[in-house]
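Peer 1: Provided herewith is a single structure, encoded as structure tokens, for subsequent inquiry.
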Number of protein chains: 2
Amino acid sequence: MMPDDSKTAYDGKQFDVVVETWGDTEREIVRHPGSVAIVAVDGDDRVTLVRQLREPARKELLELPAGTLEEGEEPLATAKRELEEECALTGGEWRELVRCWTSPGFLDERMTIFAAEGVEHGGEQKLDEDEDVELVTWPVGEIEQRLSELEDAKTIAGLLLYLRTR
Amino acid sequence: MMPDDSKTAYDGKQFDVVVETWGDTEREIVRHPGSVAIVAVDGDDRVTLVRQLREPARKELLELPAGTLEEGEEPLATAKRELEEECALTGGEWRELVRCWTSPGFLDERMTIFAAEGVEHGGEQKLDEDEDVELVTWPVGEIEQRLSELEDAKTIAGLLLYLRTR
């Protein structure tokens, strides 16, 4: 299914906005390259989360490590690159937990959430200049009772899916 | 925490885009009024989902009933209104499952997910002209084995949170 017509209404750096015509209906849509998030668990059965200022939320949030697809990049490659750069985690056995839409009423961001088990800590974070990311590890066995500390949809969905399939 | 400066870059119908200055950093942010989603379970222990064309995904998705906050509206009021209009479901015992951000890297949409237990079917759908929503009910006991049919992050998060707390 495709629109009858599409016009770019905003041409941004991280995303664009298009106004599409579907029959008699106009839809305003944020176009995004897509993204990844990772449930990364080490050999001591600890999951790594990241705490950082999220300007849209006006505060720091605790989230799964995540990143945006670069042009032509496969989600698995993005996820491995982001996990190494953001968390200095490498290796592990990888599998896909889900591909899901983050807010499909008006946003075309599709996110692939991976599990990576047996990842190894090593090296150092390679962050962009404007990134300031604190690493937080939780024992996997504590996730259930700490869910109320989470306010990010992908993190809740990813961790709960992971607990079902481990 | 607030930005040093903010400029409207796109003034839309459903959302705006602003470019904010935070110290040396510019952030491009989609501003959205916020939203709700509902895990609505009837007296026969069946949850109601909605299937509809989601233009950003180019296909139909199966999701929790959901809606956007109107100006000045409390999330609970939005949720009750949307559930009646979209699904013709009324009544029930309501509680909040979580308040979460749907994509907090660039979007300020905050979503409240409710559980409503003991809702009653009655009346008829009151949809907007451009809405075409098919109602689907699942026995709550089948959610676990049917998760792979879901591709929407709020729906996965909401149903799994509901299963933990019922």
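If you're wondering about the labels, chains in the structure tokens are A, B, ... by order shown, residues count from 1 in each chain, ligands from 1 in order shown.
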Up to 6 Å from chain B, what residues of chain A turn up? Count only C-alpha atoms and give them as a ChimeraX atom specification.
Peer 2: /A:1,56-58,100-102,107-108,151-153,156-157
Peer 1: Residues as selected, N, CA, C and O atoms, written as a PDB file, in the first residue's frame, can you do that?
Peer 2:
```pdb
ATOM      1  N   MET A   1       0.848  -1.198   0.000  1.00  0.00           N
ATOM      2  CA  MET A   1       0.000   0.000   0.000  1.00  0.00           C
ATOM      3  C   MET A   1       0.882   1.246   0.000  1.00  0.00           C
ATOM      4  O   MET A   1       1.794   1.362   0.802  1.00  0.00           O
ATOM      5  N   PRO A  56      13.950  15.668  24.715  1.00  0.00           N
ATOM      6  CA  PRO A  56      12.478  15.736  24.584  1.00  0.00           C
ATOM      7  C   PRO A  56      11.758  15.464  25.901  1.00  0.00           C
ATOM      8  O   PRO A  56      10.660  15.992  26.132  1.00  0.00           O
ATOM      9  N   ALA A  57      12.352  14.641  26.773  1.00  0.00           N
ATOM     10  CA  ALA A  57      11.726  14.321  28.058  1.00  0.00           C
ATOM     11  C   ALA A  57      12.106  15.326  29.147  1.00  0.00           C
ATOM     12  O   ALA A  57      11.559  15.277  30.251  1.00  0.00           O
ATOM     13  N   ARG A  58      13.038  16.201  28.860  1.00  0.00           N
ATOM     14  CA  ARG A  58      13.524  17.184  29.860  1.00  0.00           C
ATOM     15  C   ARG A  58      14.149  16.501  31.061  1.00  0.00           C
ATOM     16  O   ARG A  58      14.152  17.047  32.172  1.00  0.00           O
ATOM     17  N   CYS A 100       9.555  -3.828  15.485  1.00  0.00           N
ATOM     18  CA  CYS A 100       8.289  -3.180  15.838  1.00  0.00           C
ATOM     19  C   CYS A 100       8.328  -1.694  15.497  1.00  0.00           C
ATOM     20  O   CYS A 100       9.378  -1.089  15.335  1.00  0.00           O
ATOM     21  N   TRP A 101       7.133  -1.134  15.369  1.00  0.00           N
ATOM     22  CA  TRP A 101       6.953   0.289  15.103  1.00  0.00           C
ATOM     23  C   TRP A 101       6.850   1.015  16.448  1.00  0.00           C
ATOM     24  O   TRP A 101       6.168   0.541  17.355  1.00  0.00           O
ATOM     25  N   THR A 102       7.507   2.170  16.564  1.00  0.00           N
ATOM     26  CA  THR A 102       7.527   2.857  17.857  1.00  0.00           C
ATOM     27  C   THR A 102       6.307   3.750  18.079  1.00  0.00           C
ATOM     28  O   THR A 102       5.889   3.941  19.227  1.00  0.00           O
ATOM     29  N   LEU A 107       4.512   8.133  12.628  1.00  0.00           N
ATOM     30  CA  LEU A 107       5.973   8.026  12.564  1.00  0.00           C
ATOM     31  C   LEU A 107       6.335   6.685  11.919  1.00  0.00           C
ATOM     32  O   LEU A 107       5.813   5.647  12.317  1.00  0.00           O
ATOM     33  N   ASP A 108       7.240   6.706  10.937  1.00  0.00           N
ATOM     34  CA  ASP A 108       7.577   5.443  10.264  1.00  0.00           C
ATOM     35  C   ASP A 108       8.831   4.777  10.845  1.00  0.00           C
ATOM     36  O   ASP A 108       9.409   3.900  10.199  1.00  0.00           O
ATOM     37  N   GLU A 151      10.880   4.093  32.067  1.00  0.00           N
ATOM     38  CA  GLU A 151       9.854   4.970  31.486  1.00  0.00           C
ATOM     39  C   GLU A 151      10.005   5.026  29.971  1.00  0.00           C
ATOM     40  O   GLU A 151       9.558   5.986  29.339  1.00  0.00           O
ATOM     41  N   ASP A 152      10.642   4.044  29.391  1.00  0.00           N
ATOM     42  CA  ASP A 152      10.894   4.050  27.954  1.00  0.00           C
ATOM     43  C   ASP A 152      10.270   2.788  27.362  1.00  0.00           C
ATOM     44  O   ASP A 152      10.560   1.667  27.793  1.00  0.00           O
ATOM     45  N   ALA A 153       9.422   2.978  26.356  1.00  0.00           N
ATOM     46  CA  ALA A 153       8.625   1.853  25.845  1.00  0.00           C
ATOM     47  C   ALA A 153       9.494   0.722  25.285  1.00  0.00           C
ATOM     48  O   ALA A 153       9.254  -0.455  25.560  1.00  0.00           O
ATOM     49  N   ILE A 156      11.065  -1.364  28.129  1.00  0.00           N
ATOM     50  CA  ILE A 156      10.102  -2.248  28.785  1.00  0.00           C
ATOM     51  C   ILE A 156       9.781  -3.431  27.874  1.00  0.00           C
ATOM     52  O   ILE A 156       9.833  -4.599  28.293  1.00  0.00           O
ATOM     53  N   ALA A 157       9.475  -3.153  26.606  1.00  0.00           N
ATOM     54  CA  ALA A 157       9.124  -4.236  25.674  1.00  0.00           C
ATOM     55  C   ALA A 157      10.306  -5.190  25.492  1.00  0.00           C
ATOM     56  O   ALA A 157      10.147  -6.415  25.540  1.00  0.00           O
TER      57      ALA A 157
END
```
Peer 1: Fewer than 5 positions away in the same chain doesn't count, so skip those; otherwise give me all residues within 7 Å of Leu64 of chain A, counting only C-alpha atoms, as a PyMOL selection string.
Peer 2: chain A and resi 37-39+49-50+155
Peer 1: Next, the residues of the selection above should be written as a compact mmCIF listing (two decimals), in the first residue's frame with C-alpha atoms.
Peer 2:
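Wrote it out as result.txt, contents follow:
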```txt
# COMPACT_ATOMS: atom_id res chain seq x y z
CA ALA A 37 18.00 -1.47 20.54
CA ILE A 38 19.92 -4.21 22.33
CA VAL A 39 19.32 -6.34 25.42
CA LEU A 49 21.48 -0.10 30.36
CA VAL A 50 22.36 3.51 29.54
CA THR A 155 13.20 -0.81 27.11
```
Peer 1: Using only C-alpha atoms, find the one residue out of B:Glu142, B:Glu73, B:Glu134, B:Glu93 that sits nearest to Val119 of chain B.
Peer 2: B:Glu93
Peer 1: Can you pull out the residues contacting Pro139 of chain A? Cut-off 8 Å, using only C-alpha atoms, and skip same-chain residues under 6 positions away; I want them as a PDB file with N, CA and C atoms, in the first residue's frame.
Peer 2:
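Saved as selection.pdb:
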```pdb
ATOM      1  N   ASP A  45      25.521 -12.656  33.824  1.00  0.00           N
ATOM      2  CA  ASP A  45      24.067 -12.494  33.784  1.00  0.00           C
ATOM      3  C   ASP A  45      23.637 -11.095  34.247  1.00  0.00           C
ATOM      4  N   ARG A  46      24.360 -10.110  33.732  1.00  0.00           N
ATOM      5  CA  ARG A  46      24.002  -8.712  34.001  1.00  0.00           C
ATOM      6  C   ARG A  46      23.689  -8.025  32.676  1.00  0.00           C
ATOM      7  N   VAL A  47      22.611  -7.248  32.669  1.00  0.00           N
ATOM      8  CA  VAL A  47      22.227  -6.499  31.470  1.00  0.00           C
ATOM      9  C   VAL A  47      22.744  -5.064  31.603  1.00  0.00           C
TER      10      VAL A  47
END
```
Peer 1: Would you mind writing down, as a PyMOL selection string, each residue of chain B that DSSP on the backbone assigns to strand (DSSP E or B)?
Peer 2: chain B and resi 5-11+16-22+25-31+35-42+46-54+59-63+66-68+89-90+93-101+107+110-121+134-139+152
